Number of protein chains: 2
Amino acid sequence: MNSPAEPSVRRPRKPRAGGEVARNPLTPDTWIEAATEVLVNQGIDHVRVDLLAQQLGVTRGSFYWHFKDREDLLRRVLQAWRETATENLTVRLESAHADPLEQLRDVLSLPFRGRAAARAARIELAIRAWARRDQMARFAVDEADASRIGYIAQLFSAIGFPVLEARARAFMLYGYIVSESQMPSLSTEAQKQERRAFAERLFTQRLAPPGA
Amino acid sequence: MNSPAEPSVRRPRKPRAGGEVARNPLTPDTWIEAATEVLVNQGIDHVRVDLLAQQLGVTRGSFYWHFKDREDLLRRVLQAWRETATENLTVRLESAHADPLEQLRDVLSLPFRGRAAARAARIELAIRAWARRDQMARFAVDEADASRIGYIAQLFSAIGFPVLEARARAFMLYGYIVSESQMPSLSTEAQKQERRAFAERLFTQRLAPPGA
């Protein structure tokens, strides 16, 4: 089963046009995206090589052309998630604004970016659910949380908060945006926008001295 | 299959002592707890009447003595979760302290109550994952979130914040405690305690007027 066989399509192939296969380009990404879809819609137990192959209209053997085994596919699902959800994100935010307060505003706007944000939230919740029962997914989720909180903490530090306080603020702001993503149906759009403006003020305001 | 049959235990029963069956009292709660365990450890697809009956050592028919069907069991799993997670909680907090600020401190301490809190967090995450794909679970989760946020908002109102601001603060504080529950491995105990004290100050501090 583990032989790196040339992918063979089950149903009759259309003639190639311009060197491209019309259906089933069958890059690793095709498998990774299909696996992610199944994870989100049906849960991790349904991510099976035989079912994915069937769905993609290829033989099971063609899977092993790109992946060592199911575990290898799952690892790359997590890797792909991390890249889109975290690494690309922080790079994009950093390059968009030099001003840390502007970057923070961008972070606060993340849950409100329409369908892309809703989709990202669904993938993330599926991966968090999987991480309850799987150590590899657990590591990936912890790493993503830590790196996002670390990035946000850096912004609070750049604004001028002491290091420990910056981390606490980052954790809370992160908790807030995760909650906005995970509880989209609790509030109207107007309430969300009002809350977002309020969050910006609350999280960036200096604490009064105790007893003040 | 839907006949309300007397439960019959497969393995040889011990003689009754004091009118009690030693194993398998087989109350509805026994089924509900077993179903919740399977939901948490394996996911909703594995919650099946035949497997639960096998696990509890009773016939499948005995299930229908207490429940109309699987859907009925699932509804009562959600109901049981809501009662422990939300209703009992708010009643307990309300009766423990008359002072709203003390009640708020109690809310902030919820994620740090050891194994009970960890178990509650695992159940809740499993139910949130289920709610991504099931409308009944979705309603239950939304209702629980709304009623907890409503309770916390009431506390902020009692402390003296305007109604809308109290709701925004409640949402953020709730996001914070959900995050502490869902990301337990990111921080040391000392960091968590420090953050909790900071959260209390941040969330209860009045906003400075804009531009101050």
# chains A, B, ... in the order shown; residues from 1 in each chain; ligands from 1
call {"tool": "residues_around", "arguments": {"residues": "Ala35 (chain B)", "least_positions_apart": "2", "cutoff": "12 Å", "atoms": "only C-alpha atoms", "output": "VMD selection string"}}
result
chain B and resid 28 to 33 37 to 53 55 to 56 63 70 to 78 80 to 81 123 126 to 127
call {"tool": "write_last_selection", "arguments": {"atoms": "N, CA and C atoms", "output": "CSV table (one decimal), in the first residue's frame"}}
result
chain,number,residue,atom,x,y,z
B,28,PRO,N,-32.5,7.1,34.3
B,28,PRO,CA,-32.2,7.9,33.1
B,28,PRO,C,-30.8,8.5,33.3
B,29,ASP,N,-30.5,9.0,34.5
B,29,ASP,CA,-29.2,9.6,34.7
B,29,ASP,C,-28.0,8.7,34.3
B,30,THR,N,-28.1,7.4,34.6
B,30,THR,CA,-27.0,6.5,34.2
B,30,THR,C,-26.8,6.6,32.7
B,31,TRP,N,-27.8,6.5,31.9
B,31,TRP,CA,-27.7,6.6,30.5
B,31,TRP,C,-27.1,8.0,30.1
B,32,ILE,N,-27.6,9.0,30.7
B,32,ILE,CA,-27.2,10.4,30.3
B,32,ILE,C,-25.7,10.6,30.6
B,33,GLU,N,-25.3,10.1,31.8
B,33,GLU,CA,-23.9,10.2,32.1
B,33,GLU,C,-23.0,9.4,31.2
B,37,GLU,N,-20.1,10.8,28.7
B,37,GLU,CA,-18.7,10.3,28.7
B,37,GLU,C,-18.3,10.0,27.2
B,38,VAL,N,-19.1,9.3,26.5
B,38,VAL,CA,-18.8,8.9,25.1
B,38,VAL,C,-18.6,10.1,24.3
B,39,LEU,N,-19.6,11.1,24.4
B,39,LEU,CA,-19.5,12.3,23.7
B,39,LEU,C,-18.1,13.0,23.9
B,40,VAL,N,-17.7,13.1,25.1
B,40,VAL,CA,-16.4,13.8,25.4
B,40,VAL,C,-15.2,13.0,24.9
B,41,ASN,N,-15.2,11.7,25.1
B,41,ASN,CA,-14.0,10.9,24.7
B,41,ASN,C,-14.0,10.5,23.3
B,42,GLN,N,-15.1,10.4,22.6
B,42,GLN,CA,-15.1,9.8,21.3
B,42,GLN,C,-15.8,10.7,20.2
B,43,GLY,N,-16.7,11.6,20.7
B,43,GLY,CA,-17.4,12.4,19.8
B,43,GLY,C,-18.9,11.9,19.6
B,44,ILE,N,-19.7,12.7,19.1
B,44,ILE,CA,-21.2,12.5,19.1
B,44,ILE,C,-21.5,11.3,18.2
B,45,ASP,N,-20.8,11.0,17.1
B,45,ASP,CA,-21.1,9.9,16.3
B,45,ASP,C,-21.1,8.6,17.0
B,46,HIS,N,-20.3,8.5,18.1
B,46,HIS,CA,-20.1,7.3,18.8
B,46,HIS,C,-21.2,7.1,19.9
B,47,VAL,N,-22.0,8.1,20.1
B,47,VAL,CA,-23.1,8.0,21.1
B,47,VAL,C,-24.2,7.2,20.4
B,48,ARG,N,-24.2,5.9,20.6
B,48,ARG,CA,-25.2,5.0,20.0
B,48,ARG,C,-25.9,4.1,21.0
B,49,VAL,N,-27.2,4.0,20.9
B,49,VAL,CA,-27.9,3.2,21.9
B,49,VAL,C,-27.4,1.8,22.1
B,50,ASP,N,-27.1,1.1,21.0
B,50,ASP,CA,-26.6,-0.3,21.1
B,50,ASP,C,-25.3,-0.3,21.9
B,51,LEU,N,-24.4,0.6,21.5
B,51,LEU,CA,-23.1,0.6,22.2
B,51,LEU,C,-23.2,0.9,23.7
B,52,LEU,N,-24.1,1.9,24.0
B,52,LEU,CA,-24.3,2.3,25.4
B,52,LEU,C,-24.9,1.1,26.2
B,53,ALA,N,-25.8,0.4,25.6
B,53,ALA,CA,-26.5,-0.7,26.3
B,53,ALA,C,-25.4,-1.8,26.6
B,55,GLN,N,-22.2,-1.4,26.9
B,55,GLN,CA,-21.3,-0.8,27.9
B,55,GLN,C,-21.9,-0.9,29.3
B,56,LEU,N,-23.2,-0.7,29.4
B,56,LEU,CA,-23.9,-0.7,30.7
B,56,LEU,C,-24.3,-2.1,31.1
B,63,PHE,N,-33.4,0.6,27.1
B,63,PHE,CA,-33.2,2.0,26.8
B,63,PHE,C,-34.6,2.7,26.7
B,70,ARG,N,-32.9,7.9,20.3
B,70,ARG,CA,-31.6,8.5,20.5
B,70,ARG,C,-31.7,10.0,20.7
B,71,GLU,N,-32.5,10.6,19.8
B,71,GLU,CA,-32.7,12.1,19.8
B,71,GLU,C,-33.1,12.6,21.2
B,72,ASP,N,-34.0,11.8,21.8
B,72,ASP,CA,-34.5,12.1,23.2
B,72,ASP,C,-33.4,12.1,24.2
B,73,LEU,N,-32.5,11.0,24.1
B,73,LEU,CA,-31.3,10.9,24.9
B,73,LEU,C,-30.4,12.1,24.8
B,74,LEU,N,-30.2,12.5,23.5
B,74,LEU,CA,-29.3,13.6,23.2
B,74,LEU,C,-29.8,14.9,23.8
B,75,ARG,N,-31.2,15.1,23.7
B,75,ARG,CA,-31.8,16.3,24.2
B,75,ARG,C,-31.6,16.4,25.7
B,76,ARG,N,-31.6,15.2,26.4
B,76,ARG,CA,-31.5,15.2,27.8
B,76,ARG,C,-30.0,15.3,28.2
B,77,VAL,N,-29.1,14.9,27.4
B,77,VAL,CA,-27.7,15.2,27.6
B,77,VAL,C,-27.5,16.7,27.7
B,78,LEU,N,-28.1,17.4,26.7
B,78,LEU,CA,-27.9,18.8,26.7
B,78,LEU,C,-28.6,19.5,27.9
B,80,ALA,N,-29.1,18.2,30.8
B,80,ALA,CA,-28.3,17.9,32.0
B,80,ALA,C,-27.1,18.8,32.1
B,81,TRP,N,-26.5,19.0,30.9
B,81,TRP,CA,-25.3,19.9,30.8
B,81,TRP,C,-25.7,21.3,31.2
B,123,ILE,N,-16.3,18.7,28.8
B,123,ILE,CA,-17.6,18.5,28.3
B,123,ILE,C,-18.1,19.6,27.4
B,126,ALA,N,-16.6,19.6,24.0
B,126,ALA,CA,-17.3,18.5,23.2
B,126,ALA,C,-18.6,19.0,22.7
B,127,ILE,N,-19.4,19.6,23.5
B,127,ILE,CA,-20.7,20.1,23.1
B,127,ILE,C,-20.6,21.2,22.1
call {"tool": "closest_atom_pairs", "arguments": {"of": "chain A", "to": "chain B", "cutoff": "6 Å", "atoms": "only C-alpha atoms", "output": "tab-separated table"}}
result
residue	atom	partner	partner_atom	distance
A:Ala129	CA	B:Ala129	CA	5.7
A:Ala168	CA	B:Arg195	CA	5.5
A:Met172	CA	B:Tyr176	CA	5.4
A:Gly175	CA	B:Tyr176	CA	5.0
A:Tyr176	CA	B:Gly175	CA	5.0
A:Ser179	CA	B:Gly175	CA	5.2
A:Arg195	CA	B:Ala168	CA	5.5
call {"tool": "write_last_selection", "arguments": {"atoms": "C-alpha atoms", "output": "short mmCIF file (atom, residue, chain, number, x, y, z; two decimals), in the first residue's frame"}}
result
data_model
loop_
_atom_site.label_atom_id
_atom_site.label_comp_id
_atom_site.auth_asym_id
_atom_site.auth_seq_id
_atom_site.Cartn_x
_atom_site.Cartn_y
_atom_site.Cartn_z
CA ALA A 129 -12.33 19.55 19.29
CA ALA A 168 -2.12 39.41 30.43
CA MET A 172 -7.68 38.66 27.37
CA GLY A 175 -9.97 35.40 24.46
CA TYR A 176 -12.31 38.15 23.32
CA SER A 179 -15.26 34.34 21.65
CA ARG A 195 -18.37 46.03 21.49
#
call {"tool": "atom_distance", "arguments": {"atom1": "CA of Ala153 (chain B)", "atom2": "CA of Val107 (chain A)"}}
result
24.8 Å
call {"tool": "select_by_dssp", "arguments": {"residues": "chain B", "states": "alpha helix (DSSP H)", "output": "compact mmCIF listing (two decimals) with C-alpha atoms, in the first residue's frame"}}
result
# COMPACT_ATOMS: atom_id res chain seq x y z
CA PRO B 28 -32.18 7.89 33.13
CA ASP B 29 -29.15 9.63 34.70
CA THR B 30 -27.03 6.50 34.22
CA TRP B 31 -27.73 6.63 30.49
CA ILE B 32 -27.22 10.38 30.33
CA GLU B 33 -23.87 10.20 32.12
CA ALA B 34 -22.65 7.32 29.97
CA ALA B 35 -23.69 9.18 26.82
CA THR B 36 -21.88 12.32 28.01
CA GLU B 37 -18.70 10.32 28.66
CA VAL B 38 -18.77 8.87 25.15
CA LEU B 39 -19.49 12.31 23.66
CA VAL B 40 -16.45 13.76 25.44
CA ASN B 41 -14.04 10.91 24.74
CA GLN B 42 -15.09 9.82 21.27
CA VAL B 49 -27.94 3.23 21.90
CA ASP B 50 -26.63 -0.26 21.10
CA LEU B 51 -23.07 0.56 22.20
CA LEU B 52 -24.26 2.28 25.39
CA ALA B 53 -26.47 -0.71 26.27
CA GLN B 54 -23.52 -3.03 25.74
CA GLN B 55 -21.31 -0.84 27.91
CA LEU B 56 -23.91 -0.68 30.69
CA ARG B 70 -31.61 8.51 20.53
CA GLU B 71 -32.72 12.09 19.83
CA ASP B 72 -34.52 12.12 23.18
CA LEU B 73 -31.34 10.92 24.95
CA LEU B 74 -29.27 13.62 23.22
CA ARG B 75 -31.78 16.29 24.20
CA ARG B 76 -31.49 15.21 27.82
CA VAL B 77 -27.69 15.16 27.64
CA LEU B 78 -27.91 18.82 26.65
CA GLN B 79 -30.47 19.54 29.33
CA ALA B 80 -28.29 17.92 32.02
CA TRP B 81 -25.29 19.91 30.83
CA ARG B 82 -27.23 23.14 30.95
CA ASN B 88 -27.06 25.54 39.25
CA LEU B 89 -24.08 27.79 38.85
CA THR B 90 -25.90 31.08 38.77
CA VAL B 91 -28.14 30.00 41.64
CA ARG B 92 -25.11 29.02 43.70
CA LEU B 93 -23.24 32.23 43.00
CA GLU B 94 -26.27 34.35 43.74
CA SER B 95 -26.89 32.69 47.07
CA ALA B 96 -23.24 32.77 48.13
CA PRO B 100 -22.17 41.87 43.07
CA LEU B 101 -18.41 42.50 43.08
CA GLU B 102 -17.91 39.39 45.22
CA GLN B 103 -20.10 37.43 42.81
CA LEU B 104 -17.95 38.70 39.94
CA ARG B 105 -14.81 37.51 41.77
CA ASP B 106 -16.45 34.11 42.09
CA VAL B 107 -17.14 34.03 38.36
CA LEU B 108 -13.49 34.87 37.69
CA SER B 109 -12.40 31.97 39.89
CA GLY B 114 -9.19 22.07 39.77
CA ARG B 115 -10.47 18.81 38.34
CA ALA B 116 -14.13 19.75 38.40
CA ALA B 117 -13.39 22.80 36.26
CA ALA B 118 -11.20 20.77 33.89
CA ARG B 119 -13.92 18.18 33.45
CA ALA B 120 -16.57 20.83 32.87
CA ALA B 121 -14.33 22.44 30.24
CA ARG B 122 -13.89 19.14 28.40
CA ILE B 123 -17.64 18.49 28.33
CA GLU B 124 -18.29 22.00 27.14
CA LEU B 125 -15.77 21.85 24.33
CA ALA B 126 -17.25 18.54 23.16
CA ILE B 127 -20.72 20.09 23.12
CA ARG B 128 -19.46 23.17 21.25
CA ALA B 129 -17.87 20.89 18.66
CA TRP B 130 -21.12 18.99 18.30
CA ALA B 131 -23.01 22.29 17.97
CA GLN B 135 -29.03 22.61 15.36
CA MET B 136 -30.35 21.27 18.67
CA ALA B 137 -26.90 21.42 20.26
CA ARG B 138 -26.40 24.86 18.67
CA PHE B 139 -29.53 26.18 20.39
CA ALA B 140 -28.41 24.74 23.74
CA VAL B 141 -24.94 26.28 23.49
CA ASP B 142 -26.29 29.67 22.40
CA GLU B 143 -28.80 29.61 25.23
CA ALA B 144 -26.11 28.74 27.79
CA ASP B 145 -23.75 31.45 26.51
CA ALA B 146 -26.55 34.02 26.48
CA SER B 147 -27.73 33.18 29.97
CA ARG B 148 -24.23 33.28 31.48
CA ILE B 149 -23.40 36.54 29.73
CA GLY B 150 -26.77 37.87 30.89
CA TYR B 151 -25.97 36.96 34.47
CA ILE B 152 -22.52 38.56 34.35
CA ALA B 153 -23.99 41.66 32.67
CA GLN B 154 -26.43 41.96 35.55
CA LEU B 155 -23.50 41.98 37.97
CA PHE B 156 -21.78 44.76 36.03
CA SER B 157 -25.06 46.69 36.03
CA ALA B 158 -25.37 46.21 39.79
CA ILE B 159 -21.85 47.61 40.21
CA VAL B 163 -26.65 48.73 30.52
CA LEU B 164 -24.92 48.47 27.13
CA GLU B 165 -21.47 48.83 28.59
CA ALA B 166 -22.30 46.17 31.20
CA ARG B 167 -23.19 43.75 28.39
CA ALA B 168 -19.95 44.46 26.51
CA ARG B 169 -17.91 43.97 29.68
CA ALA B 170 -19.79 40.75 30.42
CA PHE B 171 -19.07 39.39 26.94
CA MET B 172 -15.35 40.11 27.34
CA LEU B 173 -15.08 38.72 30.83
CA TYR B 174 -16.93 35.61 29.67
CA GLY B 175 -14.56 35.27 26.72
CA TYR B 176 -11.69 35.48 29.15
CA ILE B 177 -12.94 32.71 31.45
CA VAL B 178 -13.83 30.47 28.49
CA SER B 179 -10.28 30.99 27.18
CA GLU B 180 -8.73 30.13 30.55
CA SER B 181 -10.75 26.90 30.49
CA GLN B 182 -9.93 26.03 26.91
CA GLU B 189 -0.36 28.49 37.78
CA ALA B 190 1.42 31.65 38.95
CA GLN B 191 0.78 33.37 35.61
CA LYS B 192 -2.89 32.38 35.74
CA GLN B 193 -3.36 33.76 39.24
CA GLU B 194 -1.59 36.98 38.30
CA ARG B 195 -3.77 37.30 35.23
CA ARG B 196 -6.93 36.66 37.20
CA ALA B 197 -6.12 39.49 39.61
CA PHE B 198 -5.35 41.72 36.64
CA ALA B 199 -8.60 40.73 34.92
CA GLU B 200 -10.58 41.78 37.96
CA ARG B 201 -9.03 45.24 37.88
CA LEU B 202 -9.23 45.64 34.10
CA PHE B 203 -12.85 44.54 33.71
CA THR B 204 -14.19 46.53 36.66
call {"tool": "atom_distance", "arguments": {"atom1": "CA of Ser62 (chain A)", "atom2": "CA of Leu26 (chain A)"}}
result
8.8 Å
call {"tool": "atom_distance", "arguments": {"atom1": "CA of Thr86 (chain A)", "atom2": "CA of Leu110 (chain B)"}}
result
29.1 Å
